[in-house]
Amino acid sequence: MTSSDAAPIDLERMTEQLLKEIERTTKSSDMAARLATNRIKVAVGQTPKEQIWALNKMRLYHYYPQVPPEQRKAVPILLVFALINRPYIFDLRPGNSFVEYLLHHGYEVYLLDWGTPGPEDAGYDFEDFSLKFLPRAVRAMQRHSKKREFTMLGWCIGATIVTIYAAMRPDDGLRNLILLTAPIDFSDKEGSTFSRWLNTEYYNVDELVRQFGNVPSTVIEYGNKMLKPVENYIGTYLKLWDNLDNPAVVEAWLAMNTWVTDNVDFPGAAFRQWVVEFFRENRLMENKLMMEGRIVDLANIKANLLNVIADKDHIVPNCQSRSIMDRVGSKDKKLIELKGGHIGIMVGSGASKRAWPMMEAWLSERSN
């Protein structure tokens, strides 16, 4: 082949591509500099709300309705998240907010924030949260909404707390119970990395609680991230790096990272109970968990039940969530398995197309 046979060089196209790459690099460099100097802030939990009740560190919020009274559902909903994370994950940011979605579909939405425990709160356990504090928040919601019946949605450890409440307070007005990635059944000791870690004799939970009182949020965060260390410590930042020229992706990453790193301490007594009575002894599923001098019997749950699990949940594997379906006394019960992870099913890019509509369709039929 002679030089005359070679394809001609398209200088115009090469120049155009070069200019585009320079522009992308410039945008990425500028964004990286702004991130490095902490000049970018992303607001989270922005849906308008009012505080209607408080107890110690806890706060109960009511979100202002977004539709006319005639379009609102008759049954209010109370959202309950875990003890170790901030509950604004339900309302991460405009356009990616489950709260916003519910409001636009006519629901009266309430949110319970457990707050940040101090040293004086280290003695609180699951009985306190499920049967002392949560019932008071429920009564405050009932007074405010002027409705006796209500829906309660619990996510992660929040789902465990509301499950205990539903079993011990079946006649207090709970019509619908929604569980999201609920850790309930710990019989499979090899079912998750957490199970393998916490069931070893070398994990001295008594000494941990004795030393710290409340288990520091940094310990909890480190444990969660070490479930997938490469993804959490490297992969997430590589994804950010590849999209520094895309403001929408950067804002979404910042919002999620804000929540992921905004953790609170785990009350000491509750943490010890979580490790010993739940993970190690599986008392709830084995009908041996005692509270208020009685057995917490899942068969006492009468509310309509929707159990939502994620197929790629590495924090609460499906084996910890499925089996409750055979134990509850609910006549109306449904299990939904969705694609996604422990948090991603509710705040990922596909949440508004999959999880939210499915949950709302089920709830709508039971909220009037």
# chains A, B, ... in the order shown; residues from 1 in each chain; ligands from 1

$ residues_around --residues "stretch 287-299 of chain A" --least-positions-apart "6" --cutoff "7 Å" --atoms "only C-alpha atoms" --output "list in words"
Glu127, Ile164, Ala167, Met168, Arg327, Val328 and Gly329 of chain A

$ write_last_selection --atoms "N, CA, C and O atoms" --output "PDB file, in the first residue's frame"
ATOM      1  N   GLU A 127     -37.184  -2.466  73.212  1.00  0.00           N
ATOM      2  CA  GLU A 127     -38.474  -2.315  73.889  1.00  0.00           C
ATOM      3  C   GLU A 127     -38.816  -0.838  74.046  1.00  0.00           C
ATOM      4  O   GLU A 127     -39.970  -0.439  73.866  1.00  0.00           O
ATOM      5  N   ILE A 164     -42.217  -5.252  65.647  1.00  0.00           N
ATOM      6  CA  ILE A 164     -42.461  -5.508  67.078  1.00  0.00           C
ATOM      7  C   ILE A 164     -43.700  -4.746  67.533  1.00  0.00           C
ATOM      8  O   ILE A 164     -44.560  -5.291  68.247  1.00  0.00           O
ATOM      9  N   ALA A 167     -46.872  -6.418  66.334  1.00  0.00           N
ATOM     10  CA  ALA A 167     -47.177  -7.654  67.043  1.00  0.00           C
ATOM     11  C   ALA A 167     -47.698  -7.397  68.456  1.00  0.00           C
ATOM     12  O   ALA A 167     -48.536  -8.146  68.970  1.00  0.00           O
ATOM     13  N   MET A 168     -47.215  -6.326  69.078  1.00  0.00           N
ATOM     14  CA  MET A 168     -47.574  -6.040  70.464  1.00  0.00           C
ATOM     15  C   MET A 168     -48.727  -5.047  70.601  1.00  0.00           C
ATOM     16  O   MET A 168     -49.343  -4.954  71.665  1.00  0.00           O
ATOM     17  N   ARG A 327     -45.336 -16.353  59.157  1.00  0.00           N
ATOM     18  CA  ARG A 327     -45.513 -16.248  60.605  1.00  0.00           C
ATOM     19  C   ARG A 327     -46.587 -15.266  61.038  1.00  0.00           C
ATOM     20  O   ARG A 327     -47.162 -15.399  62.119  1.00  0.00           O
ATOM     21  N   VAL A 328     -46.826 -14.246  60.220  1.00  0.00           N
ATOM     22  CA  VAL A 328     -47.785 -13.215  60.624  1.00  0.00           C
ATOM     23  C   VAL A 328     -49.218 -13.725  60.522  1.00  0.00           C
ATOM     24  O   VAL A 328     -49.522 -14.648  59.770  1.00  0.00           O
ATOM     25  N   GLY A 329     -50.092 -13.086  61.290  1.00  0.00           N
ATOM     26  CA  GLY A 329     -51.496 -13.462  61.263  1.00  0.00           C
ATOM     27  C   GLY A 329     -52.303 -12.685  60.231  1.00  0.00           C
ATOM     28  O   GLY A 329     -53.518 -12.883  60.121  1.00  0.00           O
TER      29      GLY A 329
END

$ select_by_dssp --residues "stretch 114-362 of chain A" --states "strand (DSSP E or B)" --output "PyMOL selection string"
chain A and resi 150-155+174-180+215+263+266+290-291+294-295+304-310+333-338

$ closest_residue --among "A:Ala269, A:Ile309, A:Val44, A:Met358" --to "A:Lys339" --atoms "only C-alpha atoms"
A:Ile309

$ atom_distance --atom1 "atom CA of A:Asp125" --atom2 "atom CA of A:Lys147"
29.1 Å

$ residues_around --residues "A:Ile157" --least-positions-apart "3" --cutoff "10 Å" --atoms "only C-alpha atoms" --output "VMD selection string"
chain A and resid 80 to 85 154 160 to 163 179 to 184 274 316

$ write_last_selection --atoms "N, CA, C and O atoms" --output "short mmCIF file (atom, residue, chain, number, x, y, z; two decimals), in the first residue's frame"
data_model
loop_
_atom_site.label_atom_id
_atom_site.label_comp_id
_atom_site.auth_asym_id
_atom_site.auth_seq_id
_atom_site.Cartn_x
_atom_site.Cartn_y
_atom_site.Cartn_z
N VAL A 80 -40.78 5.32 59.22
CA VAL A 80 -39.85 5.05 60.32
C VAL A 80 -38.58 4.44 59.75
O VAL A 80 -38.62 3.38 59.11
N PHE A 81 -37.45 5.10 59.99
CA PHE A 81 -36.19 4.58 59.49
C PHE A 81 -35.39 3.96 60.63
O PHE A 81 -35.82 3.91 61.78
N ALA A 82 -34.18 3.51 60.32
CA ALA A 82 -33.32 2.83 61.29
C ALA A 82 -32.81 3.79 62.35
O ALA A 82 -32.92 5.02 62.22
N LEU A 83 -32.21 3.23 63.39
CA LEU A 83 -31.67 4.03 64.49
C LEU A 83 -30.33 4.66 64.14
O LEU A 83 -29.89 5.59 64.82
N ILE A 84 -29.65 4.17 63.12
CA ILE A 84 -28.25 4.54 62.89
C ILE A 84 -28.05 5.46 61.69
O ILE A 84 -26.92 5.79 61.38
N ASN A 85 -29.11 5.84 61.02
CA ASN A 85 -29.01 6.74 59.87
C ASN A 85 -30.05 7.83 59.96
O ASN A 85 -31.05 7.70 60.66
N GLY A 154 -41.74 0.81 57.71
CA GLY A 154 -40.43 0.72 58.35
C GLY A 154 -39.39 0.22 57.38
O GLY A 154 -39.64 -0.71 56.60
N THR A 160 -37.78 -3.61 61.66
CA THR A 160 -37.80 -4.49 62.83
C THR A 160 -38.59 -3.85 63.97
O THR A 160 -39.40 -4.50 64.63
N ILE A 161 -38.36 -2.57 64.17
CA ILE A 161 -39.04 -1.84 65.25
C ILE A 161 -40.55 -1.81 65.02
O ILE A 161 -41.33 -2.07 65.95
N VAL A 162 -40.98 -1.53 63.80
CA VAL A 162 -42.43 -1.44 63.55
C VAL A 162 -43.06 -2.83 63.56
O VAL A 162 -44.26 -2.97 63.85
N THR A 163 -42.29 -3.86 63.23
CA THR A 163 -42.81 -5.23 63.30
C THR A 163 -43.12 -5.60 64.75
O THR A 163 -44.17 -6.19 65.04
N LEU A 179 -43.03 -3.22 55.09
CA LEU A 179 -41.67 -3.50 55.53
C LEU A 179 -40.73 -3.40 54.34
O LEU A 179 -40.97 -4.03 53.30
N LEU A 180 -39.67 -2.62 54.48
CA LEU A 180 -38.66 -2.48 53.42
C LEU A 180 -37.36 -3.10 53.90
O LEU A 180 -36.82 -2.69 54.93
N THR A 181 -36.87 -4.08 53.16
CA THR A 181 -35.60 -4.75 53.48
C THR A 181 -35.49 -4.99 54.99
O THR A 181 -34.58 -4.50 55.65
N ALA A 182 -36.42 -5.75 55.51
CA ALA A 182 -36.56 -5.93 56.96
C ALA A 182 -35.69 -7.05 57.50
O ALA A 182 -35.84 -8.22 57.11
N PRO A 183 -34.78 -6.76 58.44
CA PRO A 183 -34.02 -7.82 59.10
C PRO A 183 -34.83 -8.44 60.23
O PRO A 183 -35.00 -7.83 61.28
N ILE A 184 -35.34 -9.63 60.00
CA ILE A 184 -36.24 -10.29 60.95
C ILE A 184 -35.73 -11.67 61.37
O ILE A 184 -35.69 -12.01 62.54
N TRP A 274 -29.36 -6.14 69.74
CA TRP A 274 -29.37 -6.43 68.31
C TRP A 274 -28.42 -7.58 68.00
O TRP A 274 -28.77 -8.50 67.25
N VAL A 316 -29.10 -6.66 54.21
CA VAL A 316 -30.16 -7.53 54.72
C VAL A 316 -30.52 -8.51 53.61
O VAL A 316 -31.38 -8.23 52.77
#

$ select_by_dssp --residues "stretch 67-306 of chain A" --states "helix (DSSP H, G or I)" --output "PyMOL selection string"
chain A and resi 69-71+87-91+98-104+119-121+126-145+157-168+193-198+205-212+217-225+229-242+247-260+268-280+298-300

$ residues_around --residues "stretch 262-265 of chain A" --least-positions-apart "4" --cutoff "8 Å" --atoms "only C-alpha atoms" --output "list in words"
Leu83, Ile84, Asn85, Arg86, Thr116, Pro117, Asn214, Val215, Pro216, Ser217, Thr218, Ile220, Glu221 and Thr258 of chain A

$ write_last_selection --atoms "all heavy atoms" --output "short mmCIF file (atom, residue, chain, number, x, y, z; two decimals), in the first residue's frame"
data_model
loop_
_atom_site.label_atom_id
_atom_site.label_comp_id
_atom_site.auth_asym_id
_atom_site.auth_seq_id
_atom_site.Cartn_x
_atom_site.Cartn_y
_atom_site.Cartn_z
N LEU A 83 -32.21 3.23 63.39
CA LEU A 83 -31.67 4.03 64.49
C LEU A 83 -30.33 4.66 64.14
O LEU A 83 -29.89 5.59 64.82
CB LEU A 83 -31.49 3.14 65.73
CG LEU A 83 -32.74 2.47 66.29
CD1 LEU A 83 -32.35 1.49 67.40
CD2 LEU A 83 -33.71 3.51 66.83
N ILE A 84 -29.65 4.17 63.12
CA ILE A 84 -28.25 4.54 62.89
C ILE A 84 -28.05 5.46 61.69
O ILE A 84 -26.92 5.79 61.38
CB ILE A 84 -27.39 3.28 62.71
CG1 ILE A 84 -27.96 2.40 61.60
CG2 ILE A 84 -27.31 2.52 64.03
CD1 ILE A 84 -27.12 1.17 61.29
N ASN A 85 -29.11 5.84 61.02
CA ASN A 85 -29.01 6.74 59.87
C ASN A 85 -30.05 7.83 59.96
O ASN A 85 -31.05 7.70 60.66
CB ASN A 85 -29.19 5.97 58.55
CG ASN A 85 -28.17 4.88 58.37
OD1 ASN A 85 -28.47 3.72 58.61
ND2 ASN A 85 -26.98 5.24 57.92
N ARG A 86 -29.85 8.88 59.21
CA ARG A 86 -30.81 9.98 59.19
C ARG A 86 -32.02 9.61 58.33
O ARG A 86 -31.86 9.04 57.26
CB ARG A 86 -30.16 11.24 58.62
CG ARG A 86 -28.90 11.67 59.34
CD ARG A 86 -29.20 12.25 60.69
NE ARG A 86 -27.99 12.78 61.32
CZ ARG A 86 -27.96 13.37 62.50
NH1 ARG A 86 -29.07 13.50 63.21
NH2 ARG A 86 -26.83 13.83 63.00
N THR A 116 -30.29 12.18 67.61
CA THR A 116 -28.92 11.75 67.92
C THR A 116 -28.81 11.44 69.41
O THR A 116 -28.92 12.34 70.24
CB THR A 116 -27.91 12.84 67.54
OG1 THR A 116 -28.04 13.15 66.15
CG2 THR A 116 -26.49 12.38 67.83
N PRO A 117 -28.57 10.17 69.78
CA PRO A 117 -28.52 9.82 71.20
C PRO A 117 -27.27 10.39 71.88
O PRO A 117 -26.19 10.44 71.29
CB PRO A 117 -28.49 8.29 71.18
CG PRO A 117 -27.87 7.96 69.86
CD PRO A 117 -28.35 9.01 68.90
N ASN A 214 -22.72 4.31 73.91
CA ASN A 214 -23.31 4.22 72.58
C ASN A 214 -22.22 3.82 71.60
O ASN A 214 -21.10 4.33 71.67
CB ASN A 214 -23.91 5.56 72.16
CG ASN A 214 -25.08 5.98 73.03
OD1 ASN A 214 -25.90 5.14 73.40
ND2 ASN A 214 -25.15 7.25 73.36
N VAL A 215 -22.54 2.91 70.68
CA VAL A 215 -21.55 2.48 69.70
C VAL A 215 -21.36 3.62 68.68
O VAL A 215 -22.33 4.06 68.06
CB VAL A 215 -21.99 1.19 68.99
CG1 VAL A 215 -20.98 0.78 67.93
CG2 VAL A 215 -22.17 0.08 70.02
N PRO A 216 -20.14 4.12 68.53
CA PRO A 216 -19.91 5.28 67.66
C PRO A 216 -20.36 5.06 66.21
O PRO A 216 -20.22 3.95 65.68
CB PRO A 216 -18.38 5.48 67.73
CG PRO A 216 -17.99 4.84 69.01
CD PRO A 216 -18.91 3.67 69.19
N SER A 217 -20.85 6.11 65.62
CA SER A 217 -21.31 6.02 64.24
C SER A 217 -20.18 5.64 63.29
O SER A 217 -20.42 4.98 62.26
CB SER A 217 -21.91 7.36 63.81
OG SER A 217 -20.95 8.40 63.89
N THR A 218 -18.95 6.03 63.62
CA THR A 218 -17.82 5.69 62.76
C THR A 218 -17.59 4.17 62.72
O THR A 218 -17.20 3.63 61.68
CB THR A 218 -16.54 6.38 63.26
OG1 THR A 218 -16.38 6.14 64.66
CG2 THR A 218 -16.61 7.89 63.03
N ILE A 220 -20.01 1.89 63.07
CA ILE A 220 -21.11 1.36 62.25
C ILE A 220 -20.84 1.62 60.78
O ILE A 220 -21.00 0.74 59.92
CB ILE A 220 -22.45 1.98 62.67
CG1 ILE A 220 -22.71 1.76 64.17
CG2 ILE A 220 -23.58 1.42 61.83
CD1 ILE A 220 -22.82 0.33 64.58
N GLU A 221 -20.42 2.85 60.45
CA GLU A 221 -20.16 3.21 59.06
C GLU A 221 -19.04 2.36 58.48
O GLU A 221 -19.13 1.88 57.34
CB GLU A 221 -19.80 4.70 58.95
CG GLU A 221 -19.53 5.15 57.53
CD GLU A 221 -19.07 6.59 57.44
OE1 GLU A 221 -18.93 7.24 58.50
OE2 GLU A 221 -18.84 7.07 56.32
N THR A 258 -23.77 12.60 51.12
CA THR A 258 -24.12 13.36 52.32
C THR A 258 -24.86 12.47 53.30
O THR A 258 -24.57 12.45 54.50
CB THR A 258 -24.99 14.57 51.95
OG1 THR A 258 -24.24 15.46 51.13
CG2 THR A 258 -25.45 15.31 53.20
#

$ atom_distance --atom1 "atom CA of A:Gly45" --atom2 "atom CA of A:His144"
21.7 Å

$ atom_distance --atom1 "atom CA of A:Ser195" --atom2 "atom CA of A:Met285"
15.4 Å

$ closest_residue --among "A:Arg139, A:Phe279, A:Ala361, A:Arg272" --to "A:Glu207" --atoms "only C-alpha atoms"
A:Arg272

$ residues_around --residues "A:Tyr101" --least-positions-apart "4" --cutoff "8 Å" --atoms "only C-alpha atoms" --output "list in words"
Ser97, His105 and Trp356 of chain A

$ closest_residue --among "A:Asp172, A:Glu286, A:Glu231, A:Glu277" --to "A:Phe150" --atoms "only C-alpha atoms"
A:Asp172

$ closest_residue --among "A:Glu50, A:Glu281, A:Glu337, A:Glu100" --to "A:Asn199" --atoms "only C-alpha atoms"
A:Glu281

$ closest_residue --among "A:Val67, A:Val250, A:Leu55, A:Met256" --to "A:His104" --atoms "only C-alpha atoms"
A:Val67

$ closest_residue --among "A:Leu174, A:Leu134, A:Met58, A:Ala74" --to "A:Lys302" --atoms "only C-alpha atoms"
A:Leu174

$ residues_around --residues "A:Asp313" --least-positions-apart "2" --cutoff "8 Å" --atoms "only C-alpha atoms" --output "PyMOL selection string"
chain A and resi 181+309-311+315-318+340-342

$ residues_around --residues "A:Leu305" --least-positions-apart "5" --cutoff "8 Å" --atoms "only C-alpha atoms" --output "list in words"
Asn176, Leu177, Ile178, Leu179, Ser330, Asp332, Lys333 and Lys334 of chain A
